[in-house]
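Q: This is protein24.txt, which holds compact mmCIF, C-alpha atoms:
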# COMPACT_ATOMS: atom_id res chain seq x y z
CA MET A 160 80.48 92.98 69.73
CA SER A 161 79.77 96.72 69.74
CA MET A 162 77.47 98.49 72.19
CA ALA A 163 75.06 99.28 69.38
CA GLY A 164 74.91 95.62 68.40
CA ASN A 165 74.33 94.69 72.00
CA LEU A 166 71.48 97.22 72.18
CA ARG A 167 69.80 95.69 69.14
CA LYS A 168 70.16 92.24 70.66
CA VAL A 169 68.57 93.37 73.91
CA GLY A 170 65.78 95.21 72.06
CA ASN A 171 64.84 92.03 70.24
CA LEU A 172 64.92 89.91 73.37
CA ARG A 173 61.14 89.42 73.44
CA LYS A 174 61.10 88.43 69.76
CA VAL A 175 64.15 86.18 69.61
CA GLY A 176 64.77 83.33 72.03
CA GLY A 177 68.56 83.41 71.70
CA LEU A 178 69.26 85.26 74.98
CA ARG A 179 67.39 83.16 77.49
CA LYS A 180 70.28 83.45 79.94
CA VAL A 181 69.95 87.23 79.90
CA ALA A 182 66.25 86.96 80.65
CA ARG A 183 66.96 84.65 83.57
CA VAL A 184 69.47 87.14 84.94
CA ALA A 185 66.89 89.91 84.61
CA GLN A 186 64.38 87.86 86.57
CA LEU A 187 66.99 87.08 89.20
CA VAL A 188 67.91 90.74 89.69
CA ARG A 189 64.27 91.86 89.67
CA LYS A 190 63.39 89.28 92.29
CA HIS A 191 66.31 90.06 94.63
CA ASN A 192 67.04 93.71 93.86
CA ARG A 193 66.80 94.69 97.53
CA VAL A 194 69.25 92.11 98.87
CA ASP A 195 72.44 93.64 100.29
CA LEU A 196 75.44 91.67 101.45
CA SER A 197 76.63 93.42 104.59
CA HIS A 198 78.12 90.31 106.19
CA PRO A 199 80.73 87.74 105.10
CA ALA A 200 78.21 85.12 103.99
CA ARG A 201 76.60 84.94 100.57
CA SER A 202 73.13 86.25 99.91
CA PRO A 203 70.56 84.54 102.15
CA LEU A 204 68.43 84.05 99.05
CA GLY A 205 71.10 81.89 97.46
CA SER A 206 71.96 84.36 94.72
CA ALA A 207 75.31 85.90 93.78
CA VAL A 208 73.53 89.20 93.09
CA VAL A 209 74.09 91.55 96.01
CA LYS A 210 72.63 94.78 94.64
CA CYS A 211 71.46 96.20 91.33
CA VAL A 212 70.78 99.96 91.30
CA THR A 213 70.29 102.53 88.54
CA TYR A 214 71.68 106.05 88.91
CA ARG A 215 70.67 109.02 86.81
CA LYS A 216 72.40 112.39 87.29
CA GLY A 217 73.92 111.00 90.46
CA VAL A 218 70.56 110.15 92.02
CA ARG A 219 69.43 106.64 92.81
CA GLN A 220 66.36 105.62 90.86
CA ASP A 221 63.46 103.62 92.23
CA GLY A 222 63.40 99.93 91.36
CA GLY A 223 60.67 98.13 89.51
CA ARG A 224 62.26 97.48 86.11
CA ASP A 225 64.27 94.39 85.35
CA LEU A 226 67.93 94.61 84.39
CA VAL A 227 67.40 94.29 80.64
CA GLU A 228 64.80 97.06 80.57
CA GLU A 229 67.03 99.38 82.61
CA VAL A 230 70.03 98.82 80.36
CA GLU A 231 67.90 99.32 77.25
CA ARG A 232 66.47 102.55 78.65
CA ILE A 233 69.92 103.91 79.59
CA ARG A 234 71.34 103.11 76.17
CA GLU A 235 68.44 104.81 74.42
CA SER A 236 68.55 107.95 76.57
CA GLY A 237 72.34 108.13 76.97
CA GLU A 238 71.92 109.10 80.64
CA GLY A 239 72.76 107.27 83.84
CA PHE A 240 74.35 103.91 84.56
CA VAL A 241 73.68 100.63 86.33
CA TRP A 242 75.75 99.47 89.30
CA LEU A 243 75.50 95.69 89.62
CA GLY A 244 77.20 94.06 92.60
CA LEU A 245 77.92 90.34 92.86
CA HIS A 246 79.61 88.06 95.36
CA GLU A 247 81.53 85.00 94.14
CA PRO A 248 79.29 84.21 91.14
CA THR A 249 79.43 80.90 89.31
CA GLU A 250 79.87 80.59 85.56
CA GLU A 251 76.15 79.93 85.13
CA GLU A 252 75.18 82.95 87.23
CA PHE A 253 77.57 85.25 85.35
CA ALA A 254 76.97 83.99 81.80
CA GLY A 255 73.85 86.07 81.13
CA ILE A 256 75.38 89.22 82.62
CA ALA A 257 78.49 88.82 80.47
CA GLU A 258 76.34 88.45 77.36
CA LEU A 259 74.11 91.40 78.19
CA PHE A 260 76.99 93.81 78.75
CA ASP A 261 79.24 92.27 76.10
CA LEU A 262 82.07 91.56 78.55
CA HIS A 263 85.33 90.16 77.23
CA PRO A 264 85.69 86.39 77.88
CA LEU A 265 89.18 86.72 79.39
CA ALA A 266 87.99 89.31 81.89
CA VAL A 267 84.94 87.17 82.71
CA GLU A 268 87.17 84.18 83.40
CA ASP A 269 89.34 86.25 85.74
CA ALA A 270 86.29 87.58 87.57
CA ILE A 271 84.84 84.12 88.17
CA HIS A 272 87.95 82.21 89.20
CA ALA A 273 89.68 85.06 91.10
CA HIS A 274 93.22 84.69 92.52
CA GLN A 275 94.49 87.45 90.23
CA ARG A 276 97.20 90.03 90.70
CA PRO A 277 96.06 93.67 90.86
CA LYS A 278 95.84 94.95 87.30
CA VAL A 279 94.03 97.16 84.81
CA GLU A 280 93.08 95.98 81.32
CA ARG A 281 91.32 97.80 78.50
CA TYR A 282 88.91 96.15 76.09
CA ASP A 283 87.73 98.78 73.56
CA GLU A 284 85.46 101.07 75.60
CA MET A 285 85.35 98.77 78.62
CA LEU A 286 87.82 98.79 81.52
CA PHE A 287 88.55 95.82 83.76
CA ALA A 288 90.36 96.32 87.09
CA VAL A 289 91.40 93.93 89.85
CA PHE A 290 92.00 95.10 93.42
CA LYS A 291 93.25 93.03 96.34
CA THR A 292 91.34 93.77 99.54
CA VAL A 293 92.88 93.30 102.98
CA CYS A 294 91.44 93.03 106.47
CA TYR A 295 93.16 92.99 109.84
CA VAL A 296 92.23 89.91 111.87
CA GLU A 297 91.71 90.83 115.52
CA HIS A 298 93.45 88.58 118.09
CA ALA A 299 93.72 88.77 121.86
CA GLU A 300 97.40 87.80 121.80
CA LEU A 301 99.85 87.39 118.94
CA THR A 302 101.18 83.82 118.73
CA ALA A 303 103.30 81.87 116.28
CA THR A 304 100.12 80.74 114.49
CA SER A 305 97.97 83.89 114.68
CA GLU A 306 96.35 85.08 111.45
CA VAL A 307 97.03 88.80 111.13
CA VAL A 308 95.97 89.72 107.58
CA ASP A 309 93.12 88.28 105.53
CA THR A 310 92.93 89.05 101.81
CA GLY A 311 90.18 89.06 99.21
CA GLU A 312 89.54 90.48 95.74
CA ILE A 313 87.29 92.95 93.99
CA MET A 314 86.95 92.84 90.19
CA VAL A 315 85.42 95.88 88.49
CA PHE A 316 83.98 96.13 84.99
CA VAL A 317 83.54 99.75 83.91
CA GLY A 318 81.66 100.74 80.77
CA LYS A 319 79.84 103.78 79.52
CA GLU A 320 76.55 102.78 81.12
CA PHE A 321 77.48 100.20 83.75
CA VAL A 322 79.67 99.29 86.69
CA ILE A 323 79.88 95.63 87.68
CA THR A 324 81.68 94.74 90.90
CA VAL A 325 82.54 91.12 91.66
CA ARG A 326 83.71 90.47 95.19
CA HIS A 327 85.62 87.43 96.45
CA GLY A 328 86.42 86.78 100.10
CA ARG A 329 84.85 86.98 103.54
CA HIS A 330 85.24 90.74 103.94
CA GLY A 331 85.17 93.93 101.89
CA SER A 332 81.44 94.60 101.72
CA LEU A 333 80.73 97.58 99.46
CA GLY A 334 77.46 98.53 101.15
CA PRO A 335 78.96 101.39 103.21
CA LEU A 336 80.81 102.69 100.14
CA ARG A 337 77.61 102.69 98.10
CA GLU A 338 75.80 104.64 100.82
CA GLU A 339 78.65 107.14 101.01
CA LEU A 340 78.55 107.71 97.26
CA GLU A 341 74.78 108.07 97.26
CA SER A 342 75.13 110.85 99.82
CA ALA A 343 77.29 112.75 97.29
CA PRO A 344 75.19 112.87 94.07
CA GLU A 345 77.59 115.32 92.42
CA GLN A 346 80.28 112.63 92.54
CA LEU A 347 78.03 109.87 91.20
CA ALA A 348 76.91 112.20 88.44
CA GLN A 349 80.39 111.90 86.92
CA GLY A 350 79.55 108.34 85.90
CA PRO A 351 81.05 104.88 86.35
CA ALA A 352 84.61 106.27 86.48
CA ALA A 353 83.73 108.01 89.75
CA VAL A 354 82.68 104.66 91.22
CA LEU A 355 85.97 103.12 90.11
CA HIS A 356 87.90 105.91 91.81
CA ALA A 357 85.86 105.51 94.99
CA LEU A 358 86.57 101.77 95.00
CA ALA A 359 90.30 102.30 94.55
CA ASP A 360 90.35 104.93 97.28
CA HIS A 361 88.34 102.65 99.59
CA VAL A 362 90.74 99.74 99.04
CA VAL A 363 93.85 101.85 99.66
CA ASP A 364 92.30 103.38 102.80
CA ASP A 365 91.88 99.83 104.10
CA TYR A 366 95.57 99.26 103.39
CA LEU A 367 96.42 102.25 105.60
CA ALA A 368 94.21 100.97 108.43
CA VAL A 369 95.75 97.49 108.26
CA THR A 370 99.34 98.80 108.28
CA ASP A 371 98.54 100.88 111.38
CA ALA A 372 97.20 97.77 113.13
CA VAL A 373 100.19 95.67 112.06
CA GLN A 374 102.51 98.36 113.42
CA ALA A 375 100.92 97.91 116.85
CA ASP A 376 101.76 94.18 116.71
CA ILE A 377 105.34 94.94 115.66
CA ASP A 378 105.70 97.45 118.51
CA GLN A 379 104.51 94.83 120.99
CA VAL A 380 106.97 92.24 119.70
CA GLU A 381 109.78 94.81 119.83
CA MET A 382 108.96 95.63 123.47
CA ASP A 383 108.96 91.93 124.38
CA VAL A 384 112.31 91.28 122.70
CA PHE A 385 114.03 94.20 124.42
CA SER A 386 112.50 93.52 127.83
CA LYS A 387 114.44 92.08 130.77
CA ASP A 388 113.81 88.48 129.68
CA GLY A 389 113.88 89.25 125.97
CA GLU A 390 116.00 86.21 125.11
CA ARG A 391 113.03 84.03 126.15
CA ALA A 392 110.63 85.70 123.70
CA ASP A 393 109.10 83.36 121.12
CA PRO A 394 110.85 83.90 117.75
CA GLY A 395 107.90 82.19 116.04
CA ARG A 396 105.86 85.37 116.51
CA ILE A 397 108.44 87.35 114.54
CA TYR A 398 108.41 84.80 111.71
CA GLN A 399 104.59 84.82 111.72
CA LEU A 400 104.53 88.61 111.40
CA LYS A 401 106.98 88.41 108.50
CA ARG A 402 104.77 85.85 106.74
CA GLU A 403 101.65 87.97 107.23
CA LEU A 404 103.56 91.06 106.12
CA LEU A 405 104.55 89.21 102.94
CA GLU A 406 100.88 88.48 102.23
CA LEU A 407 100.08 92.17 102.70
CA LYS A 408 102.97 93.10 100.42
CA ARG A 409 101.65 90.82 97.66
CA ALA A 410 98.33 92.66 97.80
CA VAL A 411 99.69 96.20 97.95
CA VAL A 412 102.85 96.46 95.85
CA PRO A 413 101.48 95.15 92.50
CA LEU A 414 98.71 97.79 92.60
CA GLY A 415 101.26 100.55 91.98
CA ARG A 416 101.46 100.01 88.21
CA PRO A 417 97.64 99.86 87.65
CA LEU A 418 97.13 103.09 89.60
CA GLN A 419 99.87 104.75 87.60
CA ILE A 420 98.08 103.69 84.40
CA LEU A 421 94.73 104.98 85.68
CA SER A 422 96.23 108.33 86.67
CA THR A 423 98.39 109.04 83.61
CA GLN A 424 97.28 107.20 80.47
CA PRO A 425 94.27 108.53 78.47
CA MET A 426 91.26 106.21 78.60
CA ARG A 427 87.81 106.42 77.09
CA ALA A 428 86.15 105.17 80.24
CA ILE A 429 87.82 107.74 82.51
CA ALA A 430 87.50 111.49 82.08
CA PRO A 431 90.68 113.59 82.57
CA GLU A 432 89.23 115.33 85.64
CA ILE A 433 88.74 111.92 87.31
CA GLN A 434 92.32 110.89 86.58
CA ALA A 435 93.60 113.67 88.83
CA TYR A 436 91.95 111.95 91.78
CA PHE A 437 93.66 108.66 90.95
CA ARG A 438 97.01 110.43 91.46
CA ASP A 439 95.99 111.15 95.05
CA VAL A 440 95.15 107.46 95.56
CA ASP A 441 98.53 106.56 94.08
CA ASP A 442 100.25 108.82 96.61
CA HIS A 443 98.50 107.03 99.46
CA LEU A 444 99.52 103.67 98.03
CA LYS A 445 103.15 104.74 97.90
CA ARG A 446 102.95 105.65 101.56
CA VAL A 447 101.65 102.15 102.37
CA THR A 448 104.38 100.56 100.25
CA GLU A 449 107.06 102.52 102.10
CA GLN A 450 105.56 101.49 105.45
CA ILE A 451 105.61 97.82 104.48
CA ALA A 452 109.26 98.06 103.40
CA ALA A 453 110.12 99.76 106.70
CA PHE A 454 108.22 97.08 108.67
CA ASP A 455 110.13 94.35 106.87
CA GLU A 456 113.48 95.92 107.73
CA LEU A 457 112.40 96.51 111.32
CA LEU A 458 111.35 92.88 111.74
CA ASN A 459 114.69 91.75 110.35
CA SER A 460 116.44 93.96 112.91
CA ILE A 461 114.24 92.67 115.73
CA LEU A 462 114.95 89.07 114.73
CA GLN A 463 118.70 89.69 114.58
CA ALA A 464 118.60 91.45 117.95
CA HIS A 465 116.70 88.51 119.45
CA LEU A 466 119.24 86.02 118.08
CA ALA A 467 122.07 88.17 119.45
CA GLN A 468 120.39 88.21 122.88
CA VAL A 469 120.07 84.42 122.81
CA THR A 470 123.76 84.12 121.91
CA VAL A 471 124.78 86.46 124.73
CA ALA A 472 122.63 84.53 127.20
CA GLN A 473 124.20 81.26 126.09
CA ASN A 474 127.69 82.74 126.48
CA GLU A 475 126.84 83.86 130.02
CA ASP A 476 125.61 80.39 130.86
CA MET A 477 128.79 78.85 129.48
CA ARG A 478 130.95 81.25 131.54
CA LYS A 479 129.08 80.28 134.70
CA ILE A 480 129.51 76.61 133.96
CA THR A 481 133.22 77.10 133.25
CA ALA A 482 133.73 79.09 136.43
CA TRP A 483 132.09 76.46 138.62
CA ALA A 484 134.06 73.75 136.87
CA ALA A 485 137.29 75.63 137.73
CA VAL A 486 136.25 75.93 141.37
CA ILE A 487 135.43 72.24 141.61
CA ALA A 488 138.67 71.27 139.84
CA VAL A 489 140.85 72.35 142.81
CA PRO A 490 139.53 69.86 145.41
CA THR A 491 139.25 67.23 142.72
CA MET A 492 142.95 67.64 141.86
CA VAL A 493 144.16 67.60 145.48
CA CYS A 494 142.03 64.63 146.38
CA GLY A 495 143.18 62.90 143.26
CA VAL A 496 146.84 63.22 144.35
CA TYR A 497 146.46 61.98 147.89
CA GLY A 498 143.44 59.79 147.53
CA MET A 499 142.51 60.43 151.18
CA ASN A 500 143.87 56.98 151.96
CA PHE A 501 146.51 57.78 154.69
CA ASP A 502 146.42 58.69 158.32
CA HIS A 503 146.67 62.40 158.97
CA MET A 504 148.34 63.17 155.59
CA PRO A 505 150.26 64.62 153.80
CA GLU A 506 153.63 62.98 153.71
CA LEU A 507 152.36 60.06 155.75
CA HIS A 508 151.11 60.30 159.34
CA TRP A 509 151.57 64.06 159.73
CA LYS A 510 149.27 65.09 162.59
CA TYR A 511 148.13 68.40 161.08
CA GLY A 512 148.20 67.33 157.42
CA TYR A 513 144.47 66.61 157.04
CA GLY A 514 143.35 69.99 158.39
CA LEU A 515 145.96 71.78 156.30
CA VAL A 516 144.76 70.18 153.06
CA ILE A 517 141.12 71.00 153.81
CA GLY A 518 142.06 74.60 154.62
CA VAL A 519 144.00 75.00 151.37
CA ILE A 520 141.09 73.62 149.34
CA VAL A 521 138.57 75.95 150.99
CA ALA A 522 140.83 79.01 150.65
CA THR A 523 141.61 78.31 147.00
CA CYS A 524 137.95 77.71 146.07
CA PHE A 525 136.90 80.88 147.87
CA ALA A 526 139.59 82.90 146.06
CA LEU A 527 138.46 81.52 142.68
CA TYR A 528 134.82 82.26 143.51
CA ARG A 529 135.59 85.88 144.45
CA GLY A 530 137.65 86.34 141.31
CA PHE A 531 134.91 85.01 139.00
CA ARG A 532 132.28 87.12 140.75
CA ARG A 533 134.43 90.23 140.36
CA ASN A 534 134.77 89.58 136.61
CA GLY A 535 131.05 88.92 136.13
CA TRP A 536 131.33 85.24 135.39
CA LEU A 537 129.21 84.27 138.36
Output the structure of this file as C-alpha cells.
A:
Amino acid sequence: MSMAGNLRKVGNLRKVGGLRKVARVAQLVRKHNRVDLSHPARSPLGSAVVKCVTYRKGVRQDGGRDLVEEVERIRESGEGFVWLGLHEPTEEEFAGIAELFDLHPLAVEDAIHAHQRPKVERYDEMLFAVFKTVCYVEHAELTATSEVVDTGEIMVFVGKEFVITVRHGRHGSLGPLREELESAPEQLAQGPAAVLHALADHVVDDYLAVTDAVQADIDQVEMDVFSKDGERADPGRIYQLKRELLELKRAVVPLGRPLQILSTQPMRAIAPEIQAYFRDVDDHLKRVTEQIAAFDELLNSILQAHLAQVTVAQNEDMRKITAWAAVIAVPTMVCGVYGMNFDHMPELHWKYGYGLVIGVIVATCFALYRGFRRNGWL
C-alpha cells in the first residue's frame, strides 16, 4: 500500500470503521504518551508503548494529539516525523501500528518475535534494520559460571515521516539517546535517517565499552595463569570467557554487512550526507571486530599455556615420585637378599655384618638423595 493510500485511509478513519485497531493504538499512545522506560522492566502501565514524540525542524513538539492525528498532520504538511518507541510488543499491540504506517508483514513478524541476526532490509520507501545490543554484566569475581555479556535487540522502522524502535531485552533503554538527540536540534532536523545513525552509533559505542570490560577480565585470568601457582588456576573460567566472547562475536560480526550497505548503497530513506556518518560507525565496528578476534586468540594462548603448566607440574611430581622410589629401592633390595634372618650377618654370624649393612644402606640412600636434589628431581 502506498503512503498516499495510507493517508486516505487515515483521513477517513472517523467515517469508516475498518481501522478500529488503529484507533485503539491512538488511544493507547494518547493515554500513555509520557511513559518512559528507563529501567529493564516493561511499562508500569502495562503497555508496550514507551514513548511517542513528534519532531518538527528538529524540535520536540508538545503532546496533546493522538497518533493518528499527528501522522495525518505530518503527511499533509510534509514536515517533521514521529518517533514511536516500543518494548517487546505483542501481535495485538503492534497490529494497529503496522496498519497505520503500512509496515511490511515480514518486517513486522521479525520485530515481534525477535531473535534475528543484524540486518538491513528495504521495502519501497521504508527501511528496516536490526541491531544486536550488548551489556557487560558486573560480577565481583569471575567464575566458571559467571555471566559476562548479556544481549538484546533493537528493531528500527524508518520511513519518510516516522521512526519506530522496537526493543527486546532487559537493557538498552533509548531514553538517554533521545535526550541527547533532542539537545542537538540540527541533527534531528535531518529526519528519521539521523535517528537511525544515532542508534547505530549508540549500539557500536556499547560494543566498545563491553570489549574494554571483557579485556579487564582476560587480563585478570592471564595474571592468575602466569602467577606462581598458575597450574592451579581454574580452566573453567577460561572456557566461560570463550563462551561469552562467542556470544559477543555473534552480535558484533554480522553487523558489518548492514553497516556497509547503509554507508555505500543509495537509499531513499537515507540522504547522502547521512551516509558519510555511517562510514565512521563502520570504522568503529571494525575496531571492535578486530579486538574480539585478538581476544579469542589470546584466550587460546592462555588456555594452552595453562595446560602446558599443568603438564610440567605433573612431570615434576612424577620425577619426585620416581626419585623417592629409587631411594627406597636400595634398602628394599638389600633386605630382600638377606631377609634379616641371621645372627650378625652377612655371611652367617659375622660380628660386624649387621652394622656394615645398615651403614651401606644409609650411605647409598644419602648419595642418591644428594644426586636427585642436585638434578632438580627433589
Q: Considering all atoms listed in the file, can you say which of A:Val322, A:Val447, A:Val218, A:Val307 comes closest to Leu245 of chain A?
A: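 Result for the nearest residue to Leu245 of chain A: A:Val322.
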Q: Can you check which parts of segment 435-531 of chain A lie within 10 Å of segment 407-424 of chain A? Per residue, the shortest pair of atoms and distance in Å to one decimal, counting only C-alpha atoms, sorted by chain and number, as a tab-separated table.
A:
residue	atom	partner	partner_atom	distance
A:Ala435	CA	A:Ser422	CA	6.3
A:Tyr436	CA	A:Ser422	CA	7.6
A:Phe437	CA	A:Ser422	CA	5.0
A:Arg438	CA	A:Ser422	CA	5.3
A:Asp439	CA	A:Ser422	CA	8.8
A:Val440	CA	A:Leu418	CA	7.7
A:Asp441	CA	A:Leu418	CA	5.8
A:Asp442	CA	A:Gly415	CA	9.5
A:Leu444	CA	A:Gly415	CA	7.0
A:Lys445	CA	A:Gly415	CA	7.5
A:Val447	CA	A:Val411	CA	7.7
A:Thr448	CA	A:Val412	CA	6.2
A:Glu449	CA	A:Val412	CA	9.7
A:Ile451	CA	A:Lys408	CA	6.8
A:Ala452	CA	A:Lys408	CA	8.5
A:Asp455	CA	A:Lys408	CA	9.7
Q: If we count all atoms listed in the file and set the cut-off at 9 Å, which residues sit around Leu333 of chain A, ignoring sequence neighbours fewer than 2 positions away in its own chain? Please answer as a PDB file with C-alpha atoms, in the coordinates of the input.
A:
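The resulting file, selection-v2.pdb, is reproduced below:
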ATOM      1  CA  LEU A 196      75.440  91.670 101.450  1.00  0.00           C
ATOM      2  CA  SER A 197      76.630  93.420 104.590  1.00  0.00           C
ATOM      3  CA  GLY A 244      77.200  94.060  92.600  1.00  0.00           C
ATOM      4  CA  ARG A 326      83.710  90.470  95.190  1.00  0.00           C
ATOM      5  CA  GLY A 331      85.170  93.930 101.890  1.00  0.00           C
ATOM      6  CA  PRO A 335      78.960 101.390 103.210  1.00  0.00           C
ATOM      7  CA  LEU A 336      80.810 102.690 100.140  1.00  0.00           C
ATOM      8  CA  ARG A 337      77.610 102.690  98.100  1.00  0.00           C
ATOM      9  CA  GLU A 338      75.800 104.640 100.820  1.00  0.00           C
ATOM     10  CA  LEU A 358      86.570 101.770  95.000  1.00  0.00           C
TER      11      LEU A 358
END
Q: Just to confirm, what's the straight-line distance from atom CA of Val471 of chain A to atom CA of Lys387 of chain A in Å (one decimal)?
A: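 Between these atoms lies a distance of 13.2 Å.
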Q: For segment 271-279 of chain A, work out the shell of residues within 7 Å, counting only C-alpha atoms and skipping chain neighbours fewer than 3 positions away, then give it as a ChimeraX atom specification.
A: /A:247-250,267-268,287-291,413-414,417
Q: Would you please work out which residue, of A:Ala352, A:Ala357, A:Val384, A:Val486, is nearest to Pro431 of chain A when using only C-alpha atoms?
A: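 For Pro431 of chain A, the nearest of the candidates is A:Ala352.
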Q: What does the structure give for the distance between atom CA of Asp378 of chain A and atom CA of Val362 of chain A, in Å to one decimal?
A: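 Interatomic distance, atom CA of Asp378 of chain A to atom CA of Val362 of chain A: 24.7 Å.
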Q: Residues within 9 Å of segment 292-300 of chain A, please, as a ChimeraX atom specification. Count only C-alpha atoms; anything in the same chain fewer than 6 positions from it doesn't count.
A: /A:306-313,328,330-331,362-363,365-366,368-370,372-373,407,410-411
Q: Just the number, please: distance in Å from atom CA of Pro264 of chain A to atom CA of Tyr282 of chain A, one decimal.
A: 10.4 Å
